[in-house]
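Down below is the structure, laid out as C-alpha cells.
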Amino acid sequence: MKFVFLRAGRDRVKQQLKNRRGHYFDPKLLDAQFADLEQPTSTQDAVTVDVTGGPRDVVNDIESSLRAGLR
C-alpha cells in the first residue's frame, strides 16, 4: 500500500478554499492544519505529488509515480 501526499502551498490551498461553495471547512483553521501536517519522510511508504497543475496533471503525476515505484 502506498499513500499519496498531495503537496500544495498555503496560498494555493487558501485560494482553493475561497473558491469552494457550500464547503464546511473554515479557512481560519488553515494555519492550524498546516502546523499539524506531517509530511512523509520515506518514499517507501508514500508518493509526494505537487498540485501546481490542473487536476488531470496531478492524476498523471500520481499514476507515473506509482508506476515508477513498481519497477
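In the C-alpha cells, each chain is lettered A, B, ... as it comes, each chain's residues begin at 1, and ligands are numbered from 1 in order of appearance.
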Next on the checklist: Using only C-alpha atoms, which protein or nucleic acid residues come within 7 Å of range 24-34 of chain A? Drop anything in the same chain fewer than 3 positions from it, and give the result as a list in words.
Outcome noted: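 Close residues of range 24-34 of chain A: Lys14, Leu17 and Leu37 of chain A.
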Next on the checklist: If DSSP is run on the backbone, what residues of chain A are helix (DSSP H, G or I)? A reply as a count of residues only would be ideal.
Outcome noted: 36
Item to check | DSSP-assigned strand (DSSP E or B) among chain A, expressed as a ChimeraX atom specification | outcome: /A:3-7,46-50
Gln39 in chain A surroundings by only C-alpha atoms, 12 Å radius, close-in-sequence under 6 positions cut, as a PDB file with C-alpha atoms, in the first residue's frame:
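Result saved to part_30.pdb:
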ATOM      1  CA  PHE A   3      -0.079   6.783   0.366  1.00  0.00           C
ATOM      2  CA  VAL A   4      -0.252   9.746  -1.984  1.00  0.00           C
ATOM      3  CA  PHE A   5       0.696  13.007  -0.321  1.00  0.00           C
ATOM      4  CA  LEU A   6      -0.598  15.998  -2.254  1.00  0.00           C
ATOM      5  CA  ARG A   7       1.764  18.885  -1.590  1.00  0.00           C
ATOM      6  CA  ALA A   8       0.427  22.397  -2.006  1.00  0.00           C
ATOM      7  CA  ASP A  45       5.565   4.447   2.175  1.00  0.00           C
ATOM      8  CA  ALA A  46       4.334   7.476   0.233  1.00  0.00           C
ATOM      9  CA  VAL A  47       4.464   9.219  -3.090  1.00  0.00           C
ATOM     10  CA  THR A  48       4.592  13.007  -2.906  1.00  0.00           C
ATOM     11  CA  VAL A  49       2.994  14.949  -5.740  1.00  0.00           C
TER      12      VAL A  49
END
Item to check | Spatial neighbours of Asp50 in chain A, max dist 12 Å, only C-alpha atoms, sep filter under 4 positions, as an NGL selection string | outcome: :A and (4-9 or 12-13 or 54-55 or 57-62 or 65)
Would you mind exporting N, CA, C and O atoms of the selected residues as a short mmCIF file (atom, residue, chain, number, x, y, z; two decimals), in the first residue's frame?
data_model
loop_
_atom_site.label_atom_id
_atom_site.label_comp_id
_atom_site.auth_asym_id
_atom_site.auth_seq_id
_atom_site.Cartn_x
_atom_site.Cartn_y
_atom_site.Cartn_z
N VAL A 4 -0.57 8.65 -1.07
CA VAL A 4 -0.25 9.75 -1.98
C VAL A 4 -0.42 11.03 -1.20
O VAL A 4 -1.51 11.35 -0.72
N PHE A 5 0.69 11.74 -1.04
CA PHE A 5 0.70 13.01 -0.32
C PHE A 5 0.64 14.12 -1.35
O PHE A 5 1.54 14.26 -2.18
N LEU A 6 -0.44 14.88 -1.32
CA LEU A 6 -0.60 16.00 -2.25
C LEU A 6 -0.03 17.25 -1.61
O LEU A 6 -0.57 17.77 -0.63
N ARG A 7 1.09 17.73 -2.17
CA ARG A 7 1.76 18.89 -1.59
C ARG A 7 1.30 20.15 -2.29
O ARG A 7 1.33 20.25 -3.52
N ALA A 8 0.87 21.11 -1.48
CA ALA A 8 0.43 22.40 -2.01
C ALA A 8 0.82 23.48 -1.01
O ALA A 8 0.80 23.25 0.20
N GLY A 9 1.15 24.62 -1.52
CA GLY A 9 1.49 25.74 -0.65
C GLY A 9 0.24 26.30 0.02
O GLY A 9 -0.89 26.12 -0.45
N ARG A 12 -1.98 28.51 -2.19
CA ARG A 12 -2.79 27.75 -3.16
C ARG A 12 -4.02 27.13 -2.49
O ARG A 12 -5.13 27.21 -3.01
N VAL A 13 -3.81 26.52 -1.34
CA VAL A 13 -4.93 25.90 -0.62
C VAL A 13 -5.93 26.97 -0.19
O VAL A 13 -7.14 26.79 -0.32
N GLY A 54 -3.17 21.39 -13.11
CA GLY A 54 -4.60 21.12 -13.04
C GLY A 54 -4.86 19.70 -12.57
O GLY A 54 -3.93 18.90 -12.43
N PRO A 55 -6.11 19.35 -12.36
CA PRO A 55 -6.45 18.01 -11.87
C PRO A 55 -5.91 16.88 -12.75
O PRO A 55 -5.40 15.88 -12.24
N ASP A 57 -3.27 16.92 -14.65
CA ASP A 57 -1.82 16.87 -14.45
C ASP A 57 -1.47 16.14 -13.16
O ASP A 57 -0.54 15.33 -13.11
N VAL A 58 -2.22 16.42 -12.12
CA VAL A 58 -1.98 15.78 -10.82
C VAL A 58 -2.21 14.28 -10.93
O VAL A 58 -1.40 13.48 -10.45
N VAL A 59 -3.30 13.89 -11.55
CA VAL A 59 -3.60 12.46 -11.73
C VAL A 59 -2.49 11.78 -12.54
O VAL A 59 -2.03 10.70 -12.18
N ASN A 60 -2.05 12.42 -13.60
CA ASN A 60 -0.96 11.85 -14.41
C ASN A 60 0.31 11.69 -13.58
O ASN A 60 1.01 10.68 -13.70
N ASP A 61 0.63 12.69 -12.76
CA ASP A 61 1.83 12.62 -11.91
C ASP A 61 1.71 11.48 -10.90
O ASP A 61 2.68 10.76 -10.65
N ILE A 62 0.52 11.31 -10.32
CA ILE A 62 0.30 10.23 -9.36
C ILE A 62 0.50 8.88 -10.05
O ILE A 62 1.22 8.00 -9.56
N SER A 65 4.17 8.26 -10.87
CA SER A 65 4.96 7.98 -9.66
C SER A 65 4.70 6.57 -9.14
O SER A 65 5.62 5.88 -8.73
#
Next on the checklist: Report, in Å to a single decimal, how far apart CA of Asp36 in chain A and CA of Met1 in chain A are.
Outcome noted: 23.4 Å
